[in-house]
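*Asks:* One structure, pasted below without further comment.
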Amino acid sequence: MNVIEARGLRKEFTVTKPAGRLRRSRETVPAVDGVDVAVEEGELLGYLGPNGAGKSTTMKMFTGVLTPTAGYLQVCGLEPVPQRTRLARRIGVVFGQRTQLWWDLPLRESFELARHIWRVPAAEHAARLRLLRDRLDLDGFLDTPVRQLSLGQRMRGDLTVALLHAPRVLFLDEPTIGLDVVSKQAVRAFLTELRDAGDTTVVLTTHDLADIERLCRRLVVIDHGRVVHDGTLADLHARYGSRRRVEVDFEVPVAVSFDMAGVSVESHAGDRVVFSIDGTVTTAGALVARLSESGPIRDLRVTEPTIEDVVAQLYASPSAEAARAPEPRG
Amino acid sequence: MAGTVGIYRRVLAAQMRSQVTYRASFLMSVTISGVFAALDLVVVLVLFGVARSMGGFGTAEVLVMFGLSSTAFAAADLAVGNLERLQFYVRSGLLDGVLLRPLSAFGQLVVVDFTPRRAGRVIVAVVILVVALARADITWTPATAVLAVVAPLAGAVMFSAVMVATATVAFWWIDSGELAFSLTNGGRDFTSYPINIYGAAMRRLFAYGLGFAFVAYYPALALLDRADPLGLPGWFGWVSPAVAAVAVAGAALSWRLGIRHYRSTGS
């Protein structure tokens, strides 16, 4: 069963722009322009896109904060806005800067309040809190007022509040943004565990490529309000033809001039040549075998395609065309 | 239902605890809020130092209107006056966090920013009303006694509805604070005096269009058993609960539409 189902989801905003000295023109801008997404129970979905692509707007529609302009949307079998309070009990949300913690009170009190606000039975609350305290290592700052917590500590506190009522879906908007390396790893390790346990569906937006590589089995990429990719990371690499690179240092400067299917020269400076190869046509081994004919090789390095390259390529590509010909889900 | 009340009580308690450090200033601000209410009274008395009557009404009679209006306004201000902060929630996008909790957004905003110091004004206003009622020439019957209690309550509901409705303008127009302020405080000043002293256009808009005549003026006429100099029927003094109900319906509609129009902020 799908926990989230969106079809033709659309959100328009009206913006007014000055036109002339006193007049203003009104214009309707689609922030989300017909998104179709279905998320199954227990999935961890990465929702990606450049700034202004419509990620946050979609998340806010999923969670009942924003009212869709058009389209079909159900989350946990509910219509988010009309059934907002019922939905709020079934989902957990961490939106970057919007904390659910009480600023002037010790962290512990926010948890206690959350128990009442989300109506969690005391025993269940205690058990879940014990688990989360342990996993997210909260004990050191339970009695610290929230305003004195570091960003990383606060994020762990926010995650705890979002999970105390055992939500079916957890929505995370940029959960690792601004965190130091240690906190990032703690959050990531925790989310991995949550994903592997399989009873919480997670939807997260991120710009952090390590988050994507470690956590997300499925990626939905959105640009200009439309879904431009829906599939695994491997699909993404294959589709956007990410290429491995082979950097070769020759003993002496060489002239490289040969034709080999699936290989192109990226740069050539003296004795160093960088090739990029299309993994579907040839292999690094075949290239190296061929190269040794050109001259003695001193050093050699193969680098895997990074998600950075793929995403950059994706964001740069004319998205309108990609959106018009969406590929089937992988 | 009882459970919901309990939750709000806890939320309120938490809010109070986080303000506990400001306890000294709390007492001070209760006092100041009371002093302001008393200052409004001084304005009325000064006016009567100059003029013998106002629109054909004497000091004691106008003070009944003033007492009804002040009590209604102060009670409304205590209950929902903090919704003026809605524009801050909308502008900053903090309303997101409110909408993510399984509680009514309206209930949360009323409770979370509850400002008990506004009680100072209610206390002073009630004292003024009681003194004014005692000093005025009122024939006390069960009917007038009921009206003396119902009128300020209905007026408080009226003012609350106006405060909520004007606060929701923030959903469409972020810098709506001035408008809200002039409508609510303007409404209080308007209702403090007999409406026949205002020009016809203003009367049509504020007294009848927005219903402010039913907060103090008509109930006061009924209490004082006086005919309306404007020639409108005597039962007008008794319909303020109905007018308040219409105002509440309007405010509720405006709130619903506003929440659906909420745009949040970028990420």
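If you're wondering about the labels, chains in the structure tokens are A, B, ... by order shown, residues count from 1 in each chain, ligands from 1 in order shown.
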Select from range 178-294 of chain A everything DSSP, run on the backbone, classes as strand (DSSP E), then give the selection as number ranges by chain.

*Replies:* A: 201-205, 218-223, 226-231, 244-250, 263-269, 272-277

*Asks:* Any chance you could tabulate, as CSV, the residues of chain A at most 7 Å from chain B with each one's nearest atom pair and distance in Å to one decimal, using only C-alpha atoms, in chain and rising number order?

*Replies:*
residue,atom,partner,partner_atom,distance
A:Ser56,CA,B:Ser267,CA,5.2
A:Val65,CA,B:Leu99,CA,5.9
A:Leu66,CA,B:Tyr262,CA,6.6
A:Thr67,CA,B:Arg260,CA,5.7
A:Thr85,CA,B:Pro102,CA,4.1
A:Arg86,CA,B:Pro102,CA,6.5
A:Ala88,CA,B:Pro102,CA,4.9
A:Arg89,CA,B:Pro102,CA,5.8
A:Arg98,CA,B:Gly97,CA,6.1
A:Gln100,CA,B:Gly97,CA,6.4
A:Asp104,CA,B:Ser18,CA,5.3
A:Leu105,CA,B:Ser18,CA,5.9
A:His116,CA,B:Ile7,CA,5.9
A:Ile117,CA,B:Ile7,CA,6.0
A:Trp118,CA,B:Pro102,CA,6.5

*Asks:* Here is a test: counting only C-alpha atoms, which residue of A:Leu233, A:Ala189, A:Val169, A:Ala286 is nearest to Val221 in chain A?

*Replies:* A:Leu233

*Asks:* Would you pick out the contacts of Leu78 in chain B at 10 Å or less, using only C-alpha atoms, so that residues sharing its chain but fewer than 2 positions from it are not included, and give the list as a list in words?

*Replies:*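 Selected residues are Phe73, Ala74, Ala75, Ala76, Val80, Gly81, Asn82, Val110, Phe114, Thr115, Pro116, Arg117, Arg118, Ala119, Gly120, Arg121, Val122, Ala156 and Ser160 of chain B.
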
*Asks:* Pick out each residue of range 14-186 of chain B that DSSP on the backbone tags as alpha helix (DSSP H); I need them as a ChimeraX atom specification.

*Replies:* /B:14-18,23-50,59-80,86-92,95-99,105-112,119-135,142-168,177-186
